[in-house]
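Visitor: Next up, data31.tsv (TSV, C-alpha atoms and all ligand atoms).
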chain	number	residue	atom	x	y	z
U	1	MET	CA	4.05	-21.89	1.04
U	2	ARG	CA	2.29	-19.57	3.41
U	3	PRO	CA	0.10	-17.29	1.34
U	4	LEU	CA	1.43	-13.90	2.34
U	5	VAL	CA	3.60	-11.65	0.20
U	6	ALA	CA	4.46	-7.97	-0.07
U	7	ILE	CA	4.31	-7.17	-3.77
U	8	ILE	CA	6.63	-4.24	-4.45
U	9	ASP	CA	5.94	-2.24	-7.60
U	10	LEU	CA	9.27	-0.72	-8.62
U	11	ALA	CA	7.67	1.08	-11.56
U	12	ALA	CA	5.43	2.87	-9.08
U	13	ILE	CA	8.48	4.02	-7.11
U	14	LEU	CA	10.05	5.32	-10.33
U	15	HIS	CA	6.80	7.10	-11.17
U	16	ASN	CA	6.70	8.70	-7.71
U	17	TYR	CA	10.36	9.79	-7.91
U	18	ALA	CA	9.64	11.39	-11.29
U	19	LEU	CA	6.65	13.17	-9.76
U	20	ALA	CA	8.91	14.69	-7.09
U	21	GLY	CA	11.14	15.95	-9.90
U	22	ARG	CA	8.18	17.49	-11.73
U	23	CYS	CA	7.15	19.33	-8.54
U	24	ALA	CA	10.57	20.99	-8.37
U	25	PRO	CA	12.10	21.17	-11.83
U	26	GLY	CA	15.86	21.55	-11.94
U	27	ARG	CA	16.39	20.54	-8.31
U	28	ARG	CA	18.25	17.41	-7.32
U	29	ALA	CA	16.91	14.83	-4.86
U	30	PHE	CA	18.14	12.43	-2.25
U	31	ALA	CA	15.74	9.49	-2.42
U	32	VAL	CA	15.22	8.62	1.25
U	33	VAL	CA	15.86	4.87	1.55
U	34	LYS	CA	16.45	4.52	5.29
U	35	ALA	CA	14.70	1.73	7.21
U	36	ASN	CA	15.14	-0.71	4.34
U	37	ALA	CA	13.59	1.79	1.92
U	38	TYR	CA	10.55	2.21	4.19
U	39	GLY	CA	10.18	-1.57	4.28
U	40	HIS	CA	10.38	-2.10	0.51
U	41	GLY	CA	13.90	-3.57	0.31
U	42	VAL	CA	16.81	-1.17	-0.03
U	43	ARG	CA	18.71	-3.28	-2.56
U	44	GLU	CA	15.89	-3.47	-5.04
U	45	VAL	CA	14.80	0.14	-4.56
U	46	VAL	CA	18.33	1.54	-4.98
U	47	THR	CA	18.84	-0.68	-8.03
U	48	ALA	CA	15.56	0.55	-9.54
U	49	LEU	CA	16.47	4.20	-8.91
U	50	HIS	CA	20.14	3.72	-9.87
U	51	GLN	CA	19.97	5.61	-13.15
U	52	VAL	CA	17.64	8.40	-12.08
U	53	ALA	CA	18.20	9.34	-8.45
U	54	ASP	CA	20.78	12.05	-7.75
U	55	GLY	CA	21.46	10.60	-4.33
U	56	PHE	CA	20.13	8.56	-1.43
U	57	ALA	CA	19.53	9.41	2.23
U	58	VAL	CA	19.93	6.97	5.12
U	59	ALA	CA	19.96	6.96	8.92
U	60	SER	CA	23.12	5.05	9.78
U	61	LEU	CA	26.58	4.21	8.55
U	62	GLU	CA	25.50	0.59	8.13
U	63	GLU	CA	22.67	1.65	5.83
U	64	ALA	CA	25.05	3.95	3.95
U	65	ALA	CA	27.57	1.16	3.41
U	66	GLU	CA	24.83	-1.05	1.98
U	67	VAL	CA	23.84	1.64	-0.51
U	68	ARG	CA	27.48	2.40	-1.40
U	69	ALA	CA	28.07	-1.28	-2.19
U	70	MET	CA	25.34	-1.03	-4.81
U	71	HIS	CA	26.15	2.41	-6.13
U	72	GLY	CA	29.72	3.61	-6.48
U	73	GLU	CA	28.86	7.11	-7.62
U	74	ALA	CA	25.71	8.40	-5.93
U	75	ARG	CA	25.78	10.96	-3.19
U	76	ILE	CA	24.67	9.30	0.04
U	77	LEU	CA	23.47	11.54	2.86
U	78	LEU	CA	23.81	10.38	6.46
U	79	LEU	CA	20.77	12.14	7.94
U	80	GLU	CA	21.73	12.07	11.63
U	81	GLY	CA	25.47	12.20	11.08
U	82	CYS	CA	27.96	9.92	12.81
U	83	PHE	CA	27.24	8.48	16.24
U	84	GLU	CA	30.85	7.90	17.33
U	85	ALA	CA	34.34	9.14	16.48
U	86	SER	CA	35.38	5.94	14.75
U	87	GLU	CA	32.69	6.47	12.11
U	88	TYR	CA	34.17	9.62	10.54
U	89	PRO	CA	37.06	7.89	8.72
U	90	ILE	CA	34.63	5.24	7.48
U	91	ALA	CA	32.24	7.92	6.26
U	92	ALA	CA	35.15	9.48	4.38
U	93	GLN	CA	36.17	6.14	2.85
U	94	LEU	CA	32.59	5.64	1.71
U	95	GLY	CA	32.49	9.18	0.31
U	96	LEU	CA	29.35	10.16	2.20
U	97	ASP	CA	27.54	13.46	2.62
U	98	LEU	CA	27.45	13.99	6.34
U	99	VAL	CA	24.95	15.85	8.50
U	100	VAL	CA	26.54	17.61	11.46
U	101	GLN	CA	23.79	18.41	13.93
U	102	ASN	CA	25.49	19.29	17.22
U	103	ALA	CA	28.74	20.60	18.68
U	104	ALA	CA	29.98	17.17	19.71
U	105	GLN	CA	29.72	15.96	16.13
U	106	ALA	CA	31.43	19.09	14.78
U	107	LYS	CA	34.31	18.69	17.23
U	108	ALA	CA	34.66	14.99	16.46
U	109	LEU	CA	34.77	15.79	12.76
U	110	LEU	CA	37.51	18.40	13.25
U	111	ALA	CA	39.49	15.92	15.35
U	112	SER	CA	39.32	13.21	12.67
U	113	GLU	CA	42.01	12.21	10.25
U	114	LEU	CA	40.20	11.49	7.02
U	115	SER	CA	41.34	9.92	3.77
U	116	ARG	CA	39.44	12.66	1.95
U	117	PRO	CA	37.27	15.63	2.95
U	118	LEU	CA	33.53	15.13	3.38
U	119	ASN	CA	30.58	17.11	2.09
U	120	VAL	CA	29.14	18.46	5.33
U	121	TRP	CA	25.51	19.48	5.88
U	122	LEU	CA	25.16	21.74	8.90
U	123	LYS	CA	21.73	21.10	10.34
U	124	LEU	CA	19.70	24.05	11.50
U	125	ASP	CA	17.11	23.52	14.23
U	126	SER	CA	14.56	25.76	12.54
U	127	GLY	CA	11.74	24.82	14.91
U	128	MET	CA	11.38	21.07	15.26
U	129	HIS	CA	13.69	20.94	18.27
U	130	ARG	CA	14.87	17.41	17.66
U	131	LEU	CA	18.29	17.81	16.02
U	132	GLY	CA	20.36	20.74	14.80
U	133	PHE	CA	22.06	23.96	15.86
U	134	ASP	CA	20.24	27.15	16.70
U	135	ALA	CA	21.01	30.03	14.35
U	136	ALA	CA	23.79	31.54	16.49
U	137	ALA	CA	25.61	28.25	16.96
U	138	LEU	CA	25.22	27.43	13.31
U	139	ARG	CA	26.87	30.72	12.33
U	140	ASP	CA	29.68	29.95	14.70
U	141	TRP	CA	30.25	26.45	13.35
U	142	HIS	CA	29.96	27.70	9.79
U	143	ALA	CA	32.95	29.95	10.45
U	144	ARG	CA	34.92	27.16	12.12
U	145	LEU	CA	34.20	24.47	9.53
U	146	GLN	CA	34.63	26.55	6.41
U	147	GLY	CA	38.04	25.78	5.00
U	148	ALA	CA	38.72	22.97	7.49
U	149	GLU	CA	40.72	20.14	5.95
U	150	GLN	CA	37.96	17.63	6.79
U	151	VAL	CA	35.33	19.62	4.89
U	152	ALA	CA	34.72	19.64	1.14
U	153	GLU	CA	31.35	21.33	0.47
U	154	LEU	CA	29.80	23.17	3.41
U	155	ASN	CA	26.01	22.92	3.06
U	156	LEU	CA	22.84	23.82	4.98
U	157	LEU	CA	19.97	21.49	5.86
U	158	SER	CA	16.88	21.58	8.05
U	159	HIS	CA	13.73	19.52	8.57
U	160	PHE	CA	10.05	20.43	8.92
U	161	ALA	CA	7.93	19.58	11.93
U	162	CYS	CA	4.50	20.29	10.42
U	163	ALA	CA	4.79	20.40	6.63
U	164	ASP	CA	2.17	17.62	6.60
U	165	GLU	CA	-0.46	20.02	7.95
U	166	ARG	CA	-0.92	22.39	5.08
U	167	GLY	CA	-0.80	26.05	6.08
U	168	HIS	CA	0.64	25.35	9.53
U	169	PRO	CA	2.28	28.60	10.72
U	170	LEU	CA	5.42	26.79	11.91
U	171	THR	CA	6.25	25.78	8.34
U	172	GLU	CA	6.47	29.38	7.16
U	173	GLN	CA	8.51	30.27	10.25
U	174	GLN	CA	10.92	27.42	9.56
U	175	VAL	CA	11.38	28.55	5.94
U	176	GLU	CA	12.09	32.09	7.17
U	177	ARG	CA	14.66	30.92	9.71
U	178	PHE	CA	16.34	28.88	6.98
U	179	LEU	CA	16.38	31.79	4.55
U	180	GLU	CA	17.93	34.09	7.15
U	181	LEU	CA	21.00	31.89	7.21
U	182	LEU	CA	21.51	32.00	3.48
U	183	GLU	CA	23.53	35.20	3.83
U	184	LEU	CA	26.28	32.78	4.85
U	185	ASP	CA	28.15	31.04	2.08
U	186	PHE	CA	26.74	27.54	1.53
U	187	ALA	CA	27.44	25.38	-1.50
U	188	GLN	CA	24.09	23.52	-1.33
U	189	ARG	CA	20.85	23.80	0.59
U	190	SER	CA	18.19	21.19	1.49
U	191	LEU	CA	14.91	21.60	3.34
U	192	ALA	CA	12.04	19.75	1.67
U	193	ASN	CA	10.64	16.39	2.78
U	194	SER	CA	7.78	14.85	0.75
U	195	ALA	CA	5.14	17.19	2.12
U	196	ALA	CA	7.19	20.25	1.20
U	197	VAL	CA	8.17	18.83	-2.18
U	198	LEU	CA	4.47	18.52	-2.94
U	199	THR	CA	3.14	21.77	-1.48
U	200	VAL	CA	5.85	24.23	-0.35
U	201	PRO	CA	7.77	25.46	-3.43
U	202	ALA	CA	9.61	28.06	-1.31
U	203	ALA	CA	11.32	25.14	0.47
U	204	HIS	CA	12.62	23.33	-2.59
U	205	MET	CA	16.15	24.81	-2.47
U	206	ASP	CA	18.89	22.72	-4.19
U	207	TRP	CA	18.27	19.20	-2.91
U	208	LEU	CA	14.90	17.60	-2.13
U	209	ARG	CA	14.60	14.77	0.39
U	210	PRO	CA	11.47	12.82	-0.63
U	211	GLY	CA	10.74	9.72	1.42
U	212	ILE	CA	7.16	8.61	1.94
U	213	MET	CA	5.94	9.94	-1.43
U	214	LEU	CA	8.33	7.58	-3.24
U	215	TYR	CA	6.42	4.72	-1.68
U	216	GLY	CA	3.05	5.98	-2.82
U	217	ALA	CA	1.68	7.04	0.55
U	218	THR	CA	0.60	10.52	1.53
U	219	PRO	CA	2.31	12.65	4.14
U	220	PHE	CA	-0.98	14.53	4.63
U	221	ALA	CA	-4.00	13.68	6.75
U	222	ASP	CA	-6.36	15.51	4.41
U	223	LEU	CA	-4.96	14.81	0.94
U	224	SER	CA	-4.83	11.27	-0.37
U	225	ALA	CA	-1.99	9.67	-2.29
U	226	GLY	CA	-4.33	9.26	-5.27
U	227	GLU	CA	-5.21	12.97	-5.25
U	228	LEU	CA	-1.49	13.75	-5.26
U	229	GLY	CA	-0.90	11.51	-8.29
U	230	LEU	CA	1.16	8.99	-6.31
U	231	LYS	CA	1.08	5.29	-7.10
U	232	PRO	CA	1.07	2.75	-4.25
U	233	SER	CA	4.28	0.71	-4.22
U	234	MET	CA	3.49	-2.05	-1.72
U	235	THR	CA	0.57	-4.46	-1.76
U	236	LEU	CA	0.33	-6.76	1.23
U	237	ALA	CA	-1.44	-9.79	-0.21
U	238	ALA	CA	-2.76	-12.83	1.69
U	239	ARG	CA	-5.48	-15.44	1.29
U	240	ILE	CA	-8.38	-16.84	3.24
U	241	ILE	CA	-7.19	-20.05	4.90
U	242	ALA	CA	-10.40	-20.99	6.74
U	243	VAL	CA	-14.08	-20.02	6.84
U	244	ARG	CA	-16.69	-20.71	9.47
U	245	GLU	CA	-20.30	-19.90	10.21
U	246	VAL	CA	-20.70	-18.15	13.53
U	247	ALA	CA	-24.08	-17.91	15.22
U	248	ALA	CA	-25.38	-14.60	16.57
U	249	GLY	CA	-23.98	-14.05	20.05
U	250	GLU	CA	-20.85	-16.17	19.45
U	251	SER	CA	-17.46	-14.46	19.71
U	252	VAL	CA	-14.42	-14.51	17.44
U	253	GLY	CA	-10.72	-14.51	18.33
U	254	TYR	CA	-8.61	-13.71	21.37
U	255	GLY	CA	-10.36	-12.07	24.25
U	256	ALA	CA	-13.72	-12.87	22.63
U	257	ALA	CA	-13.52	-9.21	21.64
U	258	TRP	CA	-15.86	-9.42	18.64
U	259	VAL	CA	-19.34	-10.81	19.03
U	260	ALA	CA	-21.56	-11.67	16.06
U	261	ALA	CA	-24.61	-9.43	15.97
U	262	ARG	CA	-26.16	-11.71	13.33
U	263	PRO	CA	-25.40	-15.14	11.88
U	264	SER	CA	-22.00	-14.40	10.31
U	265	ARG	CA	-19.40	-15.88	7.97
U	266	ILE	CA	-15.94	-15.34	9.33
U	267	ALA	CA	-12.81	-15.71	7.22
U	268	THR	CA	-9.42	-16.43	8.76
U	269	VAL	CA	-6.68	-14.68	6.80
U	270	SER	CA	-2.94	-15.52	6.63
U	271	CYS	CA	-1.53	-12.30	8.05
U	272	GLY	CA	-0.96	-11.24	11.63
U	273	TYR	CA	0.96	-8.87	13.82
U	274	ALA	CA	4.19	-10.87	13.47
U	275	ASP	CA	4.02	-9.89	9.80
U	276	GLY	CA	3.66	-6.23	10.68
U	277	TYR	CA	-0.11	-5.87	10.50
U	278	PRO	CA	-0.98	-3.61	13.45
U	279	ARG	CA	-2.27	-5.58	16.41
U	280	HIS	CA	-4.21	-2.55	17.58
U	281	ALA	CA	-6.23	-2.37	14.34
U	282	PRO	CA	-9.82	-2.12	15.58
U	283	SER	CA	-12.74	-4.22	14.39
U	284	GLY	CA	-14.11	-2.57	11.28
U	285	THR	CA	-10.70	-1.73	9.79
U	286	PRO	CA	-11.16	-2.25	6.03
U	287	VAL	CA	-9.72	-5.33	4.32
U	288	LEU	CA	-10.18	-6.20	0.64
U	289	VAL	CA	-11.49	-9.69	-0.07
U	290	GLU	CA	-11.93	-10.62	-3.74
U	291	GLY	CA	-11.49	-6.90	-4.38
U	292	ARG	CA	-14.39	-5.93	-2.11
U	293	ARG	CA	-14.24	-4.30	1.27
U	294	ALA	CA	-14.97	-6.27	4.40
U	295	PRO	CA	-14.43	-5.37	8.07
U	296	LEU	CA	-11.76	-6.80	10.34
U	297	ALA	CA	-13.45	-8.79	13.12
U	298	GLY	CA	-11.84	-9.05	16.54
U	299	ARG	CA	-8.23	-9.00	17.66
U	300	VAL	CA	-5.36	-9.52	15.26
U	301	SER	CA	-3.42	-12.70	16.15
U	302	MET	CA	0.30	-13.28	15.62
U	303	ASP	CA	-0.11	-15.07	12.28
U	304	MET	CA	-3.76	-14.56	11.37
U	305	LEU	CA	-6.62	-12.14	11.45
U	306	ALA	CA	-10.37	-12.53	11.01
U	307	VAL	CA	-12.64	-10.75	8.58
U	308	ASP	CA	-16.42	-10.64	8.52
U	309	ILE	CA	-17.36	-11.82	5.02
U	310	THR	CA	-21.07	-12.26	5.69
U	311	ASP	CA	-21.85	-9.79	2.90
U	312	LEU	CA	-19.44	-11.40	0.42
U	313	PRO	CA	-21.05	-14.75	-0.44
U	314	GLU	CA	-18.59	-15.29	-3.32
U	315	ALA	CA	-15.62	-15.28	-0.91
U	316	GLY	CA	-14.29	-18.56	0.43
U	317	ILE	CA	-11.13	-20.53	1.13
U	318	ASP	CA	-8.23	-19.31	-1.05
U	319	SER	CA	-9.94	-16.04	-1.90
U	320	PRO	CA	-7.33	-13.29	-2.38
U	321	VAL	CA	-7.07	-10.73	0.39
U	322	GLU	CA	-5.39	-7.33	0.18
U	323	LEU	CA	-4.47	-5.86	3.58
U	324	TRP	CA	-3.36	-2.65	1.85
U	325	GLY	CA	-1.86	-1.62	-1.43
U	326	ALA	CA	-2.91	-1.10	-5.04
U	327	ASN	CA	-6.64	-1.10	-4.26
U	328	LEU	CA	-6.80	-0.16	-0.60
U	329	PRO	CA	-4.61	2.81	0.38
U	330	VAL	CA	-2.19	2.04	3.20
U	331	ASP	CA	-3.04	5.51	4.54
U	332	GLU	CA	-6.66	4.51	5.01
U	333	VAL	CA	-5.74	1.38	6.97
U	334	ALA	CA	-3.25	3.42	8.99
U	335	GLN	CA	-5.88	6.03	9.79
U	336	ALA	CA	-8.28	3.33	11.00
U	337	CYS	CA	-5.50	2.17	13.36
U	338	GLY	CA	-4.61	5.65	14.61
U	339	SER	CA	-1.27	5.44	12.83
U	340	ILE	CA	0.38	6.66	9.63
U	341	GLY	CA	1.37	4.93	6.41
U	342	TYR	CA	5.04	5.34	7.32
U	343	GLU	CA	4.64	3.06	10.32
U	344	LEU	CA	2.70	0.33	8.55
U	345	LEU	CA	5.14	0.20	5.62
U	346	THR	CA	8.31	0.18	7.73
U	347	LYS	CA	6.97	-2.46	10.10
U	348	VAL	CA	6.33	-5.22	7.58
U	349	THR	CA	8.59	-7.87	9.06
U	350	ALA	CA	11.44	-9.83	7.51
U	351	ARG	CA	9.43	-13.05	7.35
U	352	VAL	CA	7.13	-11.56	4.71
U	353	PRO	CA	8.66	-12.35	1.32
U	354	ARG	CA	8.93	-9.36	-1.01
U	355	ARG	CA	8.04	-10.00	-4.63
U	356	TYR	CA	9.17	-7.37	-7.11
U	357	ILE	CA	7.24	-6.28	-10.17
U	358	GLY	CA	7.54	-3.39	-12.61
D	401	LIG	C1	15.85	14.55	7.90
D	401	LIG	C2	14.82	13.88	7.05
D	401	LIG	N1	14.65	14.30	5.80
D	401	LIG	C3	13.72	13.74	4.98
D	401	LIG	C4	12.89	12.71	5.42
D	401	LIG	C5	11.84	12.17	4.51
D	401	LIG	O1	10.59	12.52	4.99
D	401	LIG	P1	9.25	12.06	4.26
D	401	LIG	O2	9.26	10.57	4.34
D	401	LIG	O3	8.17	12.67	5.05
D	401	LIG	O4	9.36	12.56	2.87
D	401	LIG	C6	13.05	12.25	6.72
D	401	LIG	C7	12.18	11.18	7.19
D	401	LIG	O5	11.88	10.99	8.33
D	401	LIG	C8	14.03	12.84	7.56
D	401	LIG	O6	14.20	12.43	8.82
Take the structure in the file and write it out as C-alpha cells.
Guide:
Amino acid sequence: MRPLVAIIDLAAILHNYALAGRCAPGRRAFAVVKANAYGHGVREVVTALHQVADGFAVASLEEAAEVRAMHGEARILLLEGCFEASEYPIAAQLGLDLVVQNAAQAKALLASELSRPLNVWLKLDSGMHRLGFDAAALRDWHARLQGAEQVAELNLLSHFACADERGHPLTEQQVERFLELLELDFAQRSLANSAAVLTVPAAHMDWLRPGIMLYGATPFADLSAGELGLKPSMTLAARIIAVREVAAGESVGYGAAWVAARPSRIATVSCGYADGYPRHAPSGTPVLVEGRRAPLAGRVSMDMLAVDITDLPEAGIDSPVELWGANLPVDEVAQACGSIGYELLTKVTARVPRRYIG
C-alpha cells in the first residue's frame, strides 16, 4: 500500500468544539462541516460531534442531505441558501435552517409550497460585500417574511471580513451594523466565525459558527493554534521511498529548480500535488522527517516530493514523514506556501485514505 495517510484525530475535534463552547458559555454552535468537514470526512466528524454539537453548517443542499442522513435531529444551516426554486421544498423536507441572502431567494421562498415552514436566517451584508442584504433591504424583507407561511423562526446572520486580523476597524463596524438591526424582532442571531468566537465576545450572539478552529488550525496570521489551545486534527503522514546522494552542482526534480550547494542526501517522499500538497510550496518549506525538520528541495511532483535530509543522517528509506499535523502546524506550512490552513486541509484529495483515531 502506498505509504500516505491523513490521520484524523476525532478527539482533537471534540476538544476544539468544547473550547469554542468555553469561549462563549451558554451560546449554541453550528459546527461548520462544509467541504467534507474541511477535508476531514463529514461522516466521521458529524458522528463524532453527534452528541455535543447543537447544529451543523454546510454550503449546499447536497451537503445538508448527507448530514441529515446521519443526524435526524440536529439543526442544519444552509450557509448560502438555496440556489434554485426546486430546492426550497427539499430544504423543508430535510428540516433545514435556511440563509436568505438576496431578494431573488426571498421571492423564491415566498413562492414555494413547503411541507413545513423553515427557520430562515436573513443575511445582513455588514461590510464584507459578498452576500447579504443592506440594512434597508433587510428591514424591508424582515417585514415581508415575518408571519409568512413558509417561515418558522425569523433570524439574523452576518459574516466577518477581517475578524482574523485582530483589532481591524471593519470588525467593530460590522458588529455595530449588526447591533443596529436588533431593534427588529429576531428569534435568533448569529455572527461569529472561529476568529470571533476566540477574540470578539461582543459578536457571540445566540449561535456561533466555528469552522477552522474545530480542525485545530488558526484563523489568525499572528496567533498560532497552539497559543489558542487548539489541537491539530489532521496529520498528513508519508514515508521516504528512495534516497540518493547528490553531488554539489547537481539538480533535483522537475525544471532542475533546486541545485545542491554541497554534497547532499535527498529523500523522495510519497506525497505530491495530486494528494493535495501545494505544488507551489517553495524549496525550504518545512517537512518533518523522523520528527525532525528538513527543507523541501525543488518542485513538488504529482505523487512525490523531495526533501534535503543531509543534516539527518539517521533518516533513510521508510523513515516516517509528516507533511503537517500533530508536530508541524498546518498553518506554518501554509504560510511558507503563501496560503492558509483552510486551503491545505480542504484540498487533501480523495485518493488519500483517512484513518480515524481518538
Ligand atoms: C458564513 C460562514 N460562517 C462561518 C464560517 C466558518 O468560518 P471559520 O472557518 O473561519 O470559522 C464560514 C466559513 O467560510 C462561513 O462562510
Visitor: Go through range 151-264 of chain U residue by residue and, counting all atoms listed in the file, keep those with an atom at most 12 Å from range 324-346 of chain U; for each kept residue give the shortest atom pair and its distance in Å to one decimal, ordered by chain and increasing number, as CSV.
Guide:
residue,atom,partner,partner_atom,distance
U:Asp164,CA,U:Ile340,CA,11.5
U:Ser194,CA,U:Tyr342,CA,11.9
U:Gly211,CA,U:Tyr342,CA,9.3
U:Ile212,CA,U:Tyr342,CA,6.6
U:Met213,CA,U:Tyr342,CA,9.9
U:Leu214,CA,U:Tyr342,CA,11.3
U:Tyr215,CA,U:Leu345,CA,8.7
U:Gly216,CA,U:Pro329,CA,8.9
U:Ala217,CA,U:Gly341,CA,6.2
U:Thr218,CA,U:Asp331,CA,6.9
U:Pro219,CA,U:Gly341,CA,8.1
U:Phe220,CA,U:Asp331,CA,9.3
U:Ala221,CA,U:Gln335,CA,8.4
U:Asp222,CA,U:Asp331,CA,10.5
U:Leu223,CA,U:Asp331,CA,10.2
U:Ser224,CA,U:Asp331,CA,7.8
U:Ala225,CA,U:Pro329,CA,7.8
U:Gly226,CA,U:Pro329,CA,8.6
U:Glu227,CA,U:Pro329,CA,11.6
U:Leu230,CA,U:Pro329,CA,10.8
U:Lys231,CA,U:Ala326,CA,7.8
U:Pro232,CA,U:Ala326,CA,5.6
U:Ser233,CA,U:Gly325,CA,7.1
U:Met234,CA,U:Gly325,CA,5.4
U:Thr235,CA,U:Gly325,CA,3.8
U:Leu236,CA,U:Trp324,CA,5.6
U:Ala237,CA,U:Trp324,CA,7.7
U:Ala238,CA,U:Trp324,CA,10.2
Visitor: Would you mind exporting C-alpha atoms of the selected residues as a PDB file, in the frame of the given file?
Guide:
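New file out10.pdb:
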ATOM      1  CA  ASP U 164       2.170  17.620   6.600  1.00  0.00           C
ATOM      2  CA  SER U 194       7.780  14.850   0.750  1.00  0.00           C
ATOM      3  CA  GLY U 211      10.740   9.720   1.420  1.00  0.00           C
ATOM      4  CA  ILE U 212       7.160   8.610   1.940  1.00  0.00           C
ATOM      5  CA  MET U 213       5.940   9.940  -1.430  1.00  0.00           C
ATOM      6  CA  LEU U 214       8.330   7.580  -3.240  1.00  0.00           C
ATOM      7  CA  TYR U 215       6.420   4.720  -1.680  1.00  0.00           C
ATOM      8  CA  GLY U 216       3.050   5.980  -2.820  1.00  0.00           C
ATOM      9  CA  ALA U 217       1.680   7.040   0.550  1.00  0.00           C
ATOM     10  CA  THR U 218       0.600  10.520   1.530  1.00  0.00           C
ATOM     11  CA  PRO U 219       2.310  12.650   4.140  1.00  0.00           C
ATOM     12  CA  PHE U 220      -0.980  14.530   4.630  1.00  0.00           C
ATOM     13  CA  ALA U 221      -4.000  13.680   6.750  1.00  0.00           C
ATOM     14  CA  ASP U 222      -6.360  15.510   4.410  1.00  0.00           C
ATOM     15  CA  LEU U 223      -4.960  14.810   0.940  1.00  0.00           C
ATOM     16  CA  SER U 224      -4.830  11.270  -0.370  1.00  0.00           C
ATOM     17  CA  ALA U 225      -1.990   9.670  -2.290  1.00  0.00           C
ATOM     18  CA  GLY U 226      -4.330   9.260  -5.270  1.00  0.00           C
ATOM     19  CA  GLU U 227      -5.210  12.970  -5.250  1.00  0.00           C
ATOM     20  CA  LEU U 230       1.160   8.990  -6.310  1.00  0.00           C
ATOM     21  CA  LYS U 231       1.080   5.290  -7.100  1.00  0.00           C
ATOM     22  CA  PRO U 232       1.070   2.750  -4.250  1.00  0.00           C
ATOM     23  CA  SER U 233       4.280   0.710  -4.220  1.00  0.00           C
ATOM     24  CA  MET U 234       3.490  -2.050  -1.720  1.00  0.00           C
ATOM     25  CA  THR U 235       0.570  -4.460  -1.760  1.00  0.00           C
ATOM     26  CA  LEU U 236       0.330  -6.760   1.230  1.00  0.00           C
ATOM     27  CA  ALA U 237      -1.440  -9.790  -0.210  1.00  0.00           C
ATOM     28  CA  ALA U 238      -2.760 -12.830   1.690  1.00  0.00           C
TER      29      ALA U 238
END
Visitor: What do you get as a PyMOL selection string if you pick all residues at most 9 Å from ligand LIG 401 (chain D), counting only C-alpha atoms and all ligand atoms?
Guide: chain U and resi 30-34+38+57-59+79-80+157-160+163-164+190-197+208-215+218-219+342
Visitor: Between CA of Tyr356 in chain U and CA of Ile8 in chain U, measure the distance and give it in Å to one decimal.
Guide: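 Distance reported for this atom pair: 4.8 Å.
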Visitor: Which of these, U:Met128, U:Val321, U:Val151, U:Ala306, has the shortest distance to Ala111 in chain U once you count all atoms listed in the file?
Guide: U:Val151
Visitor: In the coordinate frame of the file, compute which residues have an atom within 6 Å of (-5.7, -12.6, 16.8) when using only C-alpha atoms, and state them as a list in words.
Guide: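 The distance filter leaves exactly Gly253, Tyr254, Arg299, Val300, Ser301 and Leu305 of chain U.
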Visitor: Mind giving me the straight-line distance from CA of Ala53 in chain U to CA of Val100 in chain U in Å, one decimal?
Guide: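 Between CA of Ala53 in chain U and CA of Val100 in chain U the gap is 23.1 Å.
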Visitor: Select, from U:Val289, U:Val200, U:Met304, U:Met1, the residue with the minimum atom-to-atom distance to Glu165 in chain U, counting all atoms listed in the file.
Guide: U:Val200
Visitor: Hey, can you check how far CA of Ala11 in chain U sits from CA of Pro201 in chain U?
Guide: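 Taking CA of Ala11 in chain U as the start and CA of Pro201 in chain U as the end point, the length is 25.7 Å.
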Visitor: Which polymer residues have any atom within 9 Å of an atom of Leu170 in chain U, counting all atoms listed in the file, with same-chain residues fewer than 3 positions away left out, as a VMD selection string?
Guide: chain U and resid 127 to 128 160 to 163 167 173 to 175
Visitor: Contacts of range 313-316 of chain U at 8 Å or less, counting only C-alpha atoms, minus same-chain residues fewer than 4 places along, as a VMD selection string?
Guide: chain U and resid 240 242 to 243 267 289 to 290 309
Visitor: Excluding same-chain residues fewer than 2 positions from Lys107 in chain U, what lies within 12 Å of it counting only C-alpha atoms, as an mmCIF file with C-alpha atoms, in the coordinates of the input?
Guide:
data_model
loop_
_atom_site.group_PDB
_atom_site.id
_atom_site.type_symbol
_atom_site.label_atom_id
_atom_site.label_comp_id
_atom_site.auth_asym_id
_atom_site.auth_seq_id
_atom_site.Cartn_x
_atom_site.Cartn_y
_atom_site.Cartn_z
ATOM 1 C CA CYS U 82 27.960 9.920 12.810
ATOM 2 C CA GLU U 84 30.850 7.900 17.330
ATOM 3 C CA ALA U 85 34.340 9.140 16.480
ATOM 4 C CA TYR U 88 34.170 9.620 10.540
ATOM 5 C CA VAL U 100 26.540 17.610 11.460
ATOM 6 C CA GLN U 101 23.790 18.410 13.930
ATOM 7 C CA ASN U 102 25.490 19.290 17.220
ATOM 8 C CA ALA U 103 28.740 20.600 18.680
ATOM 9 C CA ALA U 104 29.980 17.170 19.710
ATOM 10 C CA GLN U 105 29.720 15.960 16.130
ATOM 11 C CA LEU U 109 34.770 15.790 12.760
ATOM 12 C CA LEU U 110 37.510 18.400 13.250
ATOM 13 C CA ALA U 111 39.490 15.920 15.350
ATOM 14 C CA SER U 112 39.320 13.210 12.670
ATOM 15 C CA TRP U 141 30.250 26.450 13.350
ATOM 16 C CA ARG U 144 34.920 27.160 12.120
ATOM 17 C CA LEU U 145 34.200 24.470 9.530
ATOM 18 C CA ALA U 148 38.720 22.970 7.490
ATOM 19 C CA GLN U 150 37.960 17.630 6.790
#
Visitor: With only C-alpha atoms as the atoms that count, which of U:Leu49, U:Ala69, U:Ala12, U:Val120 lies nearest to His142 in chain U?
Guide: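 Ranking U:Leu49, U:Ala69, U:Ala12, U:Val120 by distance to His142 in chain U, first place goes to U:Val120.
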Visitor: List every protein, DNA or RNA residue that has at least one atom no more than 10 Å from (36.1, 10.6, 5.0) in the file's coordinates, counting all atoms listed in the file, and write the result as a list in words.
Guide: Glu87, Tyr88, Pro89, Ile90, Ala91, Ala92, Gln93, Leu94, Gly95, Leu96, Asp97, Leu98, Leu109, Ser112, Glu113, Leu114, Ser115, Arg116, Pro117, Leu118, Asn119, Gln150, Val151 and Ala152 of chain U
Visitor: Give the answer as one residue: which of U:Thr349, U:Thr171, U:Ser270, U:Ser251 has the shortest atom-to-atom distance to Thr199 in chain U, using only C-alpha atoms?
Guide: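 Closest to Thr199 in chain U, using only C-alpha atoms: U:Thr171.
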Visitor: So, counting all atoms listed in the file, which residue among U:Thr310, U:Leu14, U:Asp185, U:Ile317 is closest to Val246 in chain U?
Guide: U:Thr310
